[in-house]
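Q: Here it is: the structure, laid out below.
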Amino acid sequence: MCAAALASGCGGPAAGTSAGSTPADAAQTRAVTNAADTLVKAGSSKVVTAMRMASGGTWVTITGTGGFDYAEQRGEVVVLLPKDAVGKEEHKPITELMTPGALYMKNRGAGVPAGKWVRVDTTRLPDGNLVTGGATEPLAAAELLRGAEDVTYSGTEQLQGVQVRHFRGTTDIARAARIASPAVRGPLSAAAAGFTVTRVPFDAWLDAQGRLRKLTERFTMSTTADGKSTDRKGTGTPKSTGAAGQDVTVVSTTTYDAFGTPVAVTTPGGTDIWTGKIVSAQP
């Protein structure tokens, strides 16, 4: 399970506290809370993901590139673990197929034969796959904004040559799960039950059409008596460590670009899926 610790204060200023921010009006707030619906109308896009965390006292960022079809609610992201993020060897890219209720991973970790996929039921993950695979599912990230509260507007900026509006606020996983679309309601409900802190500060950048161009969300998790995260282990991504009972934070960023780019996802099945023993990359 991918979970991480950021040192206190590393997640940036608290949502809505930046200089120059003003309370968002009703129309601006609706643009934020309806961001998932706007993505569905846009159809598809390329995505770039980043997840920043601490593993074994070393700061690491897991990155990913791919595409997502919001209308079909599925996508593919190739996740890169930084060298020495786990152990001493460089790791193969992990190909992740994201589908409603399930995550498929290739090059998932030790013990899985080459070419085989591992299937994970995201409705049974204690984080709903918000951090498990090293990349937050792009549509689920937007669905979380349905629970946005205390939204503030920080003005316009240029992002990759596009003028965007910058918003800040806090969303609640449990609230978002209750009003999320059916495809992500199960995973978000699991996350609402699995996270000890369900409030998630966010920064969202929307273009003139209301489409998300960038979204950063900061998830807070707790550690167990042995100092490891409360989330399950077993996706080949680094586990965070910290003082027992200490809250740790995972900062997930998704960038959306090239809307309308075709995204083809073929779901593996039958003998392509590994059902044998999986050897964790870390004890």
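Residues in the structure tokens are numbered from 1 in each chain, the chains being A, B, ... in the order shown, and ligands are numbered from 1 in the order shown.
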With only C-alpha atoms as the counted atoms, please give the residues lying no more than 7 Å from Thr253 (chain A), apart from itself and same-chain residues fewer than 3 positions off, as a PyMOL selection string.
A: chain A and resi 49-51+215-217
Q: Out of region 72-271 of chain A, which residues get strand (DSSP E) from DSSP, as a VMD selection string?
A: chain A and resid 74 to 80 94 to 99 102 to 106 117 to 121 148 to 159 162 to 172 199 to 206 212 to 222 247 to 257
Q: Taking only C-alpha atoms into account, name the residue in A:Val162, A:Leu145, A:Ala174, A:Met98 that is nearest to Asp203 (chain A).
A: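 With only C-alpha atoms as the atom set, the closest residue is A:Leu145.
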Q: If you run DSSP over the backbone, which residues in region 23-249 of chain A end up alpha helix (DSSP H)? Put them as an MDAnalysis selection string.
A: chainID A and resid 26:33 35:42 138:143 173:179 182:194
Q: So that I can check the surroundings of Pro138 (chain A), please list as a PDB file with C-alpha atoms, in the first residue's frame every protein, DNA and RNA residue that reaches within 12 Å of it, counting only C-alpha atoms and ignoring chain neighbours fewer than 6 positions away.
A:
```pdb
ATOM      1  CA  ALA A  35     -15.703  19.590 -11.930  1.00  0.00           C
ATOM      2  CA  ALA A  36     -16.289  15.849 -12.356  1.00  0.00           C
ATOM      3  CA  LEU A  39     -14.706  16.279 -17.201  1.00  0.00           C
ATOM      4  CA  VAL A  40     -17.326  13.739 -18.294  1.00  0.00           C
ATOM      5  CA  SER A  44     -11.164  12.310 -22.209  1.00  0.00           C
ATOM      6  CA  SER A  45      -7.709  13.790 -21.718  1.00  0.00           C
ATOM      7  CA  LYS A  46      -4.077  13.057 -21.127  1.00  0.00           C
ATOM      8  CA  VAL A  47      -3.040  13.058 -17.470  1.00  0.00           C
ATOM      9  CA  VAL A  48       0.178  13.477 -15.512  1.00  0.00           C
ATOM     10  CA  THR A  49       0.242  12.406 -11.886  1.00  0.00           C
ATOM     11  CA  ALA A  50       2.589  12.961  -8.958  1.00  0.00           C
ATOM     12  CA  GLY A  64       2.755   8.787 -13.752  1.00  0.00           C
ATOM     13  CA  THR A  65       1.667   9.570 -17.317  1.00  0.00           C
ATOM     14  CA  GLY A  66      -1.286   8.333 -19.327  1.00  0.00           C
ATOM     15  CA  GLY A  67      -4.834   9.113 -20.283  1.00  0.00           C
ATOM     16  CA  PHE A  68      -8.353   8.808 -18.930  1.00  0.00           C
ATOM     17  CA  ASP A  69     -11.762   8.460 -20.585  1.00  0.00           C
ATOM     18  CA  TYR A  70     -14.190  10.170 -18.207  1.00  0.00           C
ATOM     19  CA  GLN A  73     -14.756   5.898 -16.530  1.00  0.00           C
ATOM     20  CA  ARG A  74     -11.546   4.079 -17.320  1.00  0.00           C
ATOM     21  CA  GLY A  75      -7.938   4.958 -18.094  1.00  0.00           C
ATOM     22  CA  GLU A  76      -4.315   3.859 -18.164  1.00  0.00           C
ATOM     23  CA  VAL A  77      -1.377   5.361 -16.275  1.00  0.00           C
ATOM     24  CA  LEU A  97      -5.549   0.180 -15.691  1.00  0.00           C
ATOM     25  CA  MET A  98      -8.239   2.060 -13.787  1.00  0.00           C
ATOM     26  CA  THR A  99     -11.809   0.844 -14.218  1.00  0.00           C
ATOM     27  CA  ASN A 129      -7.562   3.689  -4.275  1.00  0.00           C
ATOM     28  CA  LEU A 130      -6.974   7.366  -3.554  1.00  0.00           C
ATOM     29  CA  VAL A 131      -3.304   6.640  -2.790  1.00  0.00           C
ATOM     30  CA  LEU A 144     -13.971  14.393  -4.257  1.00  0.00           C
ATOM     31  CA  LEU A 145     -14.617  18.053  -5.058  1.00  0.00           C
ATOM     32  CA  VAL A 184     -16.883   5.898  -7.687  1.00  0.00           C
ATOM     33  CA  LEU A 212      -9.826  20.885 -14.362  1.00  0.00           C
ATOM     34  CA  ARG A 213      -6.295  21.599 -15.536  1.00  0.00           C
ATOM     35  CA  LYS A 214      -4.573  20.788 -12.267  1.00  0.00           C
ATOM     36  CA  LEU A 215      -5.720  19.426  -8.922  1.00  0.00           C
ATOM     37  CA  THR A 216      -3.711  18.957  -5.737  1.00  0.00           C
ATOM     38  CA  GLU A 217      -5.204  17.127  -2.757  1.00  0.00           C
ATOM     39  CA  SER A 252      -1.400  13.933  -4.755  1.00  0.00           C
ATOM     40  CA  THR A 253      -1.328  16.121  -7.877  1.00  0.00           C
ATOM     41  CA  THR A 254      -3.078  15.428 -11.177  1.00  0.00           C
ATOM     42  CA  THR A 255      -2.609  17.549 -14.312  1.00  0.00           C
ATOM     43  CA  TYR A 256      -5.201  17.349 -17.106  1.00  0.00           C
ATOM     44  CA  ASP A 257      -4.329  18.289 -20.702  1.00  0.00           C
TER      45      ASP A 257
END
```
Q: Could you tell me how far CA of Asn34 (chain A) sits from CA of Pro126 (chain A), in Å to one decimal place?
A: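 These atoms are spaced 25.4 Å apart.
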Q: Measuring between only C-alpha atoms, which one of A:Ser21, A:Ser189, A:Gln160, A:Thr198 shows the shortest distance to Asp172 (chain A)?
A: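 Going through A:Ser21, A:Ser189, A:Gln160, A:Thr198 one by one, the smallest distance to Asp172 (chain A) is for A:Thr198.
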Q: Give me the residues within 6 Å of Val151 (chain A) as a short mmCIF file (atom, residue, chain, number, x, y, z; two decimals) with C-alpha atoms, in the first residue's frame, counting only C-alpha atoms and dropping any in the same chain fewer than 4 places off.
A:
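This went into selection02.cif:
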```cif
data_model
loop_
_atom_site.label_atom_id
_atom_site.label_comp_id
_atom_site.auth_asym_id
_atom_site.auth_seq_id
_atom_site.Cartn_x
_atom_site.Cartn_y
_atom_site.Cartn_z
CA ALA A 24 -15.83 32.16 -3.98
CA ARG A 168 -8.70 26.60 -2.70
CA GLY A 169 -10.84 24.85 -0.14
#
```
Q: I'd like the interatomic distance between CA of Thr29 (chain A) and CA of Val197 (chain A), to a tenth of an Å.
A: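 Separation between CA of Thr29 (chain A) and CA of Val197 (chain A): 23.1 Å.
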Q: Taking only C-alpha atoms into account, name the residue in A:Leu159, A:Ala42, A:Gly128, A:Val118 that is nearest to Gln209 (chain A).
A: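 Checking each candidate against Gln209 (chain A), we get A:Ala42 as the closest.
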Q: Closest to Val250 (chain A) among A:Pro262, A:Gly134, A:Gly155, A:Gly276, using only C-alpha atoms?
A: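 Residue with the minimum atom-to-atom distance to Val250 (chain A): A:Gly134.
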Q: Taking into account only C-alpha atoms, which residue in the set A:Thr136, A:Ala102, A:Val200, A:Gly43 is nearest to Thr267 (chain A)?
A: A:Ala102
Q: Env of region 93-96 of chain A: 8 Å cut, atoms = only C-alpha atoms, seq-sep filter 2 positions within chain, self excluded. Answer as a VMD selection string.
A: chain A and resid 76 to 81 91 98 103 to 108 133
Q: So which one's closest to Ala204 (chain A), A:Thr132, A:Thr261, A:Thr220, A:Thr170? Using only C-alpha atoms, please.
A: A:Thr170
Q: Just give me the gap between CA of Thr38 (chain A) and CA of Arg185 (chain A) in Å, one decimal is fine.
A: 17.7 Å
